[in-house]
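Engineer: Here you go, this is input27.cif (mmCIF, C-alpha atoms and all ligand atoms).
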data_query
#
loop_
_atom_site.label_atom_id
_atom_site.label_comp_id
_atom_site.auth_asym_id
_atom_site.auth_seq_id
_atom_site.Cartn_x
_atom_site.Cartn_y
_atom_site.Cartn_z
CA MET A 145 -35.95 50.18 77.17
CA LYS A 146 -39.29 48.54 77.79
CA ILE A 147 -39.70 44.77 77.68
CA ILE A 148 -43.11 43.15 78.09
CA GLY A 149 -43.60 39.48 78.91
CA ILE A 150 -46.80 37.86 77.63
CA LEU A 151 -47.71 34.62 79.36
CA GLY A 152 -50.28 32.27 77.84
CA THR A 153 -50.60 29.17 80.02
CA GLN A 154 -53.08 27.22 82.14
CA ASN A 155 -50.53 27.14 84.93
CA ARG A 156 -49.66 30.56 86.35
CA LYS A 157 -46.91 29.14 88.58
CA GLY A 158 -45.73 26.59 86.02
CA LEU A 159 -42.34 26.13 84.41
CA THR A 160 -43.04 28.37 81.43
CA ALA A 161 -44.00 31.16 83.83
CA GLN A 162 -40.83 30.52 85.81
CA LEU A 163 -38.69 30.75 82.66
CA LEU A 164 -40.33 34.05 81.74
CA ASP A 165 -39.84 35.42 85.27
CA GLU A 166 -36.13 34.63 85.12
CA VAL A 167 -35.70 36.28 81.71
CA LEU A 168 -37.53 39.40 82.90
CA ARG A 169 -35.44 39.48 86.06
CA GLY A 170 -32.24 39.27 83.99
CA ALA A 171 -33.45 42.06 81.70
CA GLU A 172 -34.27 44.25 84.70
CA ARG A 173 -30.81 43.70 86.04
CA ALA A 174 -29.43 44.91 82.69
CA GLY A 175 -31.42 48.13 83.07
CA ALA A 176 -34.68 47.38 81.23
CA GLU A 177 -38.10 48.38 82.46
CA THR A 178 -40.23 45.24 82.45
CA SER A 179 -43.85 44.27 82.90
CA LEU A 180 -45.90 41.09 82.66
CA ILE A 181 -49.25 40.36 81.03
CA VAL A 182 -50.88 37.11 82.13
CA LEU A 183 -53.39 36.41 79.37
CA GLU A 184 -55.58 34.02 81.37
CA GLU A 185 -55.96 36.59 84.17
CA SER A 186 -56.14 39.94 82.47
CA PHE A 187 -57.22 39.53 78.87
CA ASP A 188 -60.72 38.84 77.69
CA PRO A 189 -60.46 38.79 73.87
CA THR A 190 -64.23 39.23 73.44
CA ARG A 191 -63.99 42.73 74.97
CA GLN A 192 -62.88 45.34 72.44
CA ASP A 193 -61.85 47.79 75.18
CA GLU A 194 -59.43 45.19 76.59
CA VAL A 195 -57.98 44.46 73.16
CA ARG A 196 -57.46 48.21 72.61
CA LYS A 197 -55.89 48.67 76.07
CA LEU A 198 -53.50 45.80 75.46
CA GLY A 199 -52.62 47.03 71.96
CA LYS A 200 -51.85 50.48 73.38
CA GLU A 201 -49.65 49.00 76.10
CA LEU A 202 -47.73 46.85 73.61
CA LYS A 203 -47.05 49.85 71.39
CA GLN A 204 -44.82 51.19 74.19
CA ALA A 205 -42.66 48.03 74.18
CA ASP A 206 -39.28 47.68 72.48
CA CYS A 207 -39.42 43.92 72.93
CA MET A 208 -42.15 41.37 73.61
CA ILE A 209 -41.47 37.98 75.17
CA PHE A 210 -44.03 35.32 74.24
CA ALA A 211 -44.11 32.46 76.74
CA THR A 212 -46.36 29.47 76.10
CA PRO A 213 -46.12 25.78 76.95
CA THR A 214 -46.35 23.44 73.97
CA TYR A 215 -49.94 22.12 73.91
CA PHE A 216 -50.71 19.41 71.33
CA GLY A 217 -47.60 20.41 69.41
CA ASN A 218 -48.34 24.13 69.20
CA VAL A 219 -48.87 27.35 71.19
CA SER A 220 -51.54 27.44 73.92
CA GLY A 221 -55.08 28.46 73.03
CA SER A 222 -54.78 31.75 74.92
CA MET A 223 -51.61 32.69 73.03
CA LYS A 224 -53.28 31.89 69.70
CA GLN A 225 -56.32 33.94 70.71
CA PHE A 226 -54.04 36.81 71.67
CA PHE A 227 -52.41 36.74 68.20
CA ASP A 228 -55.78 36.45 66.45
CA HIS A 229 -57.48 39.25 68.35
CA LEU A 230 -54.53 41.62 68.03
CA ARG A 231 -54.17 40.94 64.33
CA ASP A 232 -54.98 44.57 63.38
CA TYR A 233 -52.10 45.72 65.56
CA PHE A 234 -49.63 43.21 64.18
CA VAL A 235 -50.57 43.48 60.49
CA HIS A 236 -52.38 45.81 58.17
CA LEU A 237 -54.58 44.16 55.56
CA THR A 238 -54.33 45.73 52.09
CA SER A 239 -57.20 45.93 49.60
CA LYS A 240 -55.57 42.98 47.79
CA GLY A 241 -55.76 40.88 50.96
CA GLU A 242 -52.05 41.05 51.75
CA ASN A 243 -50.75 41.36 55.29
CA ILE A 244 -48.17 44.08 55.77
CA PRO A 245 -46.36 44.98 59.01
CA HIS A 246 -48.30 47.48 61.09
CA LEU A 247 -47.93 49.10 64.52
CA PHE A 248 -45.24 46.84 65.99
CA LYS A 249 -42.92 46.90 62.98
CA GLY A 250 -39.23 46.95 63.91
CA LYS A 251 -39.75 45.75 67.49
CA SER A 252 -37.99 42.65 68.79
CA TYR A 253 -39.39 39.46 70.28
CA VAL A 254 -38.33 36.37 72.20
CA SER A 255 -40.13 33.00 72.17
CA ILE A 256 -40.24 30.68 75.18
CA THR A 257 -41.78 27.23 75.42
CA SER A 258 -41.65 24.00 77.42
CA CYS A 259 -42.80 20.42 76.83
CA TYR A 260 -43.01 16.97 78.46
CA LYS A 261 -40.93 15.29 75.78
CA SER A 262 -37.23 14.85 76.44
CA ALA A 263 -34.47 16.89 74.84
CA PHE A 264 -33.50 13.77 72.86
CA GLU A 265 -37.01 13.35 71.42
CA ASN A 266 -37.21 17.06 70.71
CA MET A 267 -33.85 16.97 68.92
CA LEU A 268 -35.04 14.06 66.77
CA ALA A 269 -38.65 15.03 66.10
CA GLY A 270 -38.77 18.79 66.71
CA ILE A 271 -41.73 18.60 69.14
CA THR A 272 -41.55 22.33 69.92
CA ASP A 273 -40.76 23.50 66.36
CA ALA A 274 -44.41 24.18 65.47
CA THR A 275 -44.79 26.33 68.59
CA PHE A 276 -41.82 28.46 67.58
CA ASN A 277 -42.93 28.46 63.92
CA GLN A 278 -46.38 29.70 64.91
CA ILE A 279 -44.89 32.65 66.78
CA ASP A 280 -42.38 33.33 63.97
CA THR A 281 -45.18 33.30 61.37
CA VAL A 282 -47.08 36.07 63.12
CA MET A 283 -43.96 38.05 63.97
CA SER A 284 -42.46 37.92 60.48
CA GLN A 285 -45.74 39.24 59.04
CA ALA A 286 -45.65 41.93 61.71
CA GLY A 287 -42.10 42.90 60.69
CA MET A 288 -40.65 42.09 64.10
CA HIS A 289 -37.13 40.73 64.72
CA ARG A 290 -36.43 37.53 66.60
CA ALA A 291 -33.95 38.32 69.36
CA SER A 292 -33.80 34.86 70.94
CA GLU A 293 -35.51 31.57 71.85
CA LEU A 294 -35.62 29.47 74.99
CA VAL A 295 -36.92 25.94 75.47
CA LEU A 296 -37.28 23.60 78.44
CA THR A 297 -37.80 19.91 77.73
CA GLY A 298 -38.54 16.82 79.86
CA THR A 299 -40.93 18.65 82.21
CA PHE A 300 -42.97 15.58 83.24
CA GLN A 301 -43.26 15.64 87.08
CA MET A 302 -40.97 18.67 87.23
CA ASP A 303 -42.11 21.54 89.50
CA GLU A 304 -39.06 23.74 89.69
CA LEU A 305 -36.68 24.89 86.99
CA PRO A 306 -33.35 23.03 86.96
CA GLN A 307 -30.60 25.39 88.12
CA LYS A 308 -28.88 25.29 84.70
CA LYS A 309 -32.06 26.42 82.90
CA ARG A 310 -32.65 29.10 85.50
CA GLU A 311 -29.21 30.51 84.80
CA GLU A 312 -29.65 30.21 81.02
CA ALA A 313 -32.92 32.16 81.26
CA LYS A 314 -31.41 34.85 83.44
CA ALA A 315 -28.38 35.18 81.11
CA LEU A 316 -30.73 35.51 78.13
CA GLY A 317 -32.53 38.37 79.91
CA GLU A 318 -29.27 40.11 80.72
CA LYS A 319 -28.09 39.94 77.10
CA LEU A 320 -31.49 40.92 75.73
CA VAL A 321 -31.12 44.67 76.23
CA GLU A 322 -28.01 44.73 74.03
CA ARG A 323 -29.64 42.50 71.39
CA VAL A 324 -32.76 44.62 71.20
CA GLU A 325 -30.66 47.76 70.83
CA ARG A 326 -28.91 46.13 67.86
CA GLY A 327 -32.35 45.44 66.33
CA GLY A 328 -32.66 43.39 63.13
CA PHE A 329 -29.21 44.22 61.86
CA THR A 330 -26.64 41.68 62.85
CA LEU A 331 -23.21 41.58 61.35
CA LYS A 332 -23.09 37.96 62.51
CA ARG A 333 -25.80 36.99 59.98
CA TYR A 334 -23.86 38.48 57.07
CA LEU A 335 -20.67 36.81 58.24
CA GLN A 336 -22.51 33.47 58.51
CA LEU A 337 -23.87 33.86 54.98
CA PHE A 338 -20.42 34.76 53.68
CA GLY A 339 -18.88 31.76 55.47
CA MET A 340 -21.59 29.43 54.13
CA LEU A 341 -21.04 30.60 50.54
CA ALA A 342 -17.24 30.44 50.82
CA ILE A 343 -17.29 26.87 52.21
CA SER A 344 -19.95 25.69 49.71
CA THR A 345 -18.01 27.09 46.75
CA LEU A 346 -14.79 25.48 47.95
CA ILE A 347 -16.43 22.06 48.37
CA VAL A 348 -18.24 22.26 45.02
CA MET A 349 -15.04 23.33 43.22
CA GLY A 350 -13.23 20.44 44.93
CA ILE A 351 -15.83 17.93 43.68
CA GLN A 352 -15.63 19.45 40.20
CA LYS A 353 -11.84 19.15 40.19
CA ALA A 354 -12.10 15.50 41.28
CA LEU A 355 -14.53 14.79 38.42
CA GLN A 356 -12.00 16.34 36.03
CA VAL A 357 -9.14 14.26 37.44
CA VAL A 358 -11.08 11.00 36.88
CA HIS A 359 -11.97 12.30 33.37
CA PHE A 360 -15.70 12.30 34.12
CA ILE A 361 -15.84 15.84 32.70
CA PRO A 362 -13.28 17.62 30.49
CA ALA A 363 -10.97 20.11 32.21
CA ASP A 364 -11.34 22.81 29.56
CA GLY A 365 -15.00 22.70 28.43
CA PHE A 366 -16.43 25.96 29.80
CA TRP A 367 -20.17 25.20 29.44
CA VAL A 368 -19.89 21.58 30.67
CA ASN A 369 -17.98 22.78 33.73
CA TYR A 370 -20.41 25.62 34.28
CA LEU A 371 -23.41 23.26 34.11
CA VAL A 372 -21.80 20.69 36.42
CA PHE A 373 -20.89 23.47 38.88
CA VAL A 374 -24.46 24.80 38.95
CA ILE A 375 -25.95 21.31 39.48
CA ILE A 376 -23.55 20.34 42.29
CA PHE A 377 -23.89 23.79 43.88
CA PHE A 378 -27.69 23.55 43.77
CA LEU A 379 -27.71 20.08 45.38
CA PHE A 380 -25.19 21.12 48.01
CA LEU A 381 -26.95 24.38 48.88
CA SER A 382 -30.37 22.68 49.13
CA GLY A 383 -28.88 20.22 51.62
CA MET A 384 -27.23 23.01 53.62
CA LEU A 385 -30.45 25.05 53.74
CA ARG A 386 -32.37 21.98 54.93
CA LEU A 387 -29.85 21.52 57.74
CA VAL A 388 -30.07 25.20 58.68
CA THR A 389 -33.88 24.91 58.79
CA ILE A 390 -33.66 21.88 61.07
CA HIS A 391 -31.29 23.76 63.38
CA ASN A 392 -33.30 26.97 63.23
CA HIS A 393 -34.97 26.42 66.56
CA LYS A 394 -33.62 25.68 69.97
CA ARG A 395 -34.58 22.11 70.93
CA ARG A 396 -32.93 21.70 74.33
C1 LIG B 1 -53.44 20.55 76.94
C2 LIG B 1 -52.02 20.09 77.02
C3 LIG B 1 -51.40 19.62 75.89
C4 LIG B 1 -50.06 19.21 75.92
N1 LIG B 1 -49.46 18.78 74.79
C5 LIG B 1 -48.14 18.42 74.83
C6 LIG B 1 -47.48 17.98 73.65
O1 LIG B 1 -48.06 17.94 72.56
N2 LIG B 1 -46.18 17.61 73.74
C7 LIG B 1 -45.49 17.66 74.94
O2 LIG B 1 -44.32 17.31 74.96
N3 LIG B 1 -46.09 18.09 76.06
C8 LIG B 1 -47.40 18.46 76.03
N4 LIG B 1 -48.01 18.89 77.18
C9 LIG B 1 -47.22 19.04 78.38
C10 LIG B 1 -46.75 20.51 78.58
O3 LIG B 1 -46.19 21.04 77.41
C11 LIG B 1 -45.70 20.58 79.65
O4 LIG B 1 -46.22 20.01 80.81
C12 LIG B 1 -45.27 21.98 79.89
O5 LIG B 1 -43.97 21.99 80.44
C13 LIG B 1 -46.23 22.69 80.81
O6 LIG B 1 -45.73 23.95 81.14
P1 LIG B 1 -46.19 24.70 82.48
O7 LIG B 1 -45.46 24.08 83.64
O8 LIG B 1 -45.79 26.10 82.25
O9 LIG B 1 -47.66 24.53 82.58
C14 LIG B 1 -49.35 19.27 77.15
C15 LIG B 1 -50.01 19.74 78.30
C16 LIG B 1 -51.32 20.13 78.24
C17 LIG B 1 -51.99 20.65 79.49
#
Show the structure stored in the file as structure tokens.
Ligand SMILES: Cc1cc2nc3c(=O)[nH]c(=O)nc-3n(C[C@H](O)[C@H](O)[C@H](O)COP(=O)(O)O)c2cc1C

Structural biologist:
Amino acid sequence: MKIIGILGTQNRKGLTAQLLDEVLRGAERAGAETSLIVLEESFDPTRQDEVRKLGKELKQADCMIFATPTYFGNVSGSMKQFFDHLRDYFVHLTSKGENIPHLFKGKSYVSITSCYKSAFENMLAGITDATFNQIDTVMSQAGMHRASELVLTGTFQMDELPQKKREEAKALGEKLVERVERGGFTLKRYLQLFGMLAISTLIVMGIQKALQVVHFIPADGFWVNYLVFVIIFFLFLSGMLRLVTIHNHKRR
């Protein structure tokens, strides 16, 4: 299995680079063949031959790891340039102007970022969400599967990774080989969906029963009960989906 790390940062020895190094080291330990592309050092997007060379190299990968600090609430400029200049590799543009997955379809990816703001602020305000969303936007159009995410917060005046983060990064790398082999299919996702539906239905039916007990709705009117069920279910599910969206990204 081939895993390629792509680093887009102003700071080659910075914390984002250190996180990526640890993940790659963990993946190597689990038997993967790894390599690293440092965008600032080895990628000039204005040169077509370099874009082609990089595209060719990435075609060999089973998994790409995108590592970028959060700059002004999003990915670094070099990472954005990388996505923009490799657009033809990620997506194919149809005659109707639609993007469809192209040469990297079915591959896996991991997103890594870091930011000054504390874990608490990130939990509350989702400082790094736009960074992850930016990567997810490109990858979903490219038909690639998200294998994992990693974030480091509170990096102000920090030079070295805290030991706990170092271990988390290494563990992620070690597990990555297995996750990539599983690809997009995860039984866990189906089980989560089933669990979410089962719990939602139970709660909505409970509320409906309570409304019947207090005679707010009749117990035997089929259409009234159906309508009330649909309305409560809709409100409940919208709330649940909102919560899932908020918790979609790692924030600490
Ligand atoms: C141009 C620039 C913009 C930044 N914008 C943000 C930001 O919007 N929010 C934040 O929390 N940190 C911001 N930071 C801080 C970096 O995200 C943080 O220092 C990060 O951990 C740097 O990673 P590195 O050690 O790999 O360079 C910014 C830093 C730079 C240089």

Engineer: Have a look at A:Gly327, A:Pro213, A:Gly158, A:Gly317 and name the one nearest to Ile256 (chain A); count all atoms listed in the file.

Structural biologist: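 Smallest distance to Ile256 (chain A) is found for A:Pro213.
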
Engineer: Taking only C-alpha atoms and all ligand atoms into account, which residues have an atom no farther than 10 Å from ligand LIG 1 (chain B)? I'd like them as JSON, numbers by chain.

Structural biologist: {"A": [151, 152, 153, 154, 155, 156, 157, 158, 159, 160, 161, 162, 163, 164, 211, 212, 213, 214, 215, 216, 217, 218, 219, 220, 221, 257, 258, 259, 260, 261, 262, 263, 265, 266, 271, 272, 275, 295, 296, 297, 298, 299, 300, 301, 302, 303, 304, 305]}

Engineer: Excluding region 244-250 of chain A and residues on its chain fewer than 2 positions from it, collect all residues at most 7 Å away from it, counting all atoms listed in the file, and give them as an MDAnalysis selection string.

Structural biologist: chainID A and resid 203 233:237 242 252 285:289

Engineer: How far is it from CA of Val195 (chain A) to CA of His229 (chain A), in Å with one decimal?

Structural biologist: 7.1 Å

Engineer: Using all atoms listed in the file, which of A:Ala274, A:Leu230, A:Val167, A:Glu177 sits nearest Pro189 (chain A)?

Structural biologist: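 Distance minimum relative to Pro189 (chain A) lands on A:Leu230.
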
Engineer: Expressed in Å to a single decimal, how great is the separation between CA of Glu172 (chain A) and CA of Lys308 (chain A)?

Structural biologist: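 Between these atoms lies a distance of 19.7 Å.
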
Engineer: What's the separation between CA of Thr238 (chain A) and CA of Arg191 (chain A), in Å to one decimal place?

Structural biologist: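 Atom-to-atom, CA of Thr238 (chain A) to CA of Arg191 (chain A), that is 25.0 Å.
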
Engineer: Could you check the closest approach to Gln352 (chain A) for each of A:Ala313, A:Leu337, A:Ile147, A:Ile376 and tell me which residue wins, using all atoms listed in the file?

Structural biologist: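 Nearest candidate to Gln352 (chain A) out of A:Ala313, A:Leu337, A:Ile147, A:Ile376: A:Ile376.
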
Engineer: List the spatial neighbours of Val324 (chain A) as a VMD selection string - criterion: any atom at most 12 Å away, all atoms listed in the file, same-chain residues fewer than 6 positions off excluded.

Structural biologist: chain A and resid 145 to 147 171 174 176 205 to 209 250 to 254 288 to 292 316 to 318 330
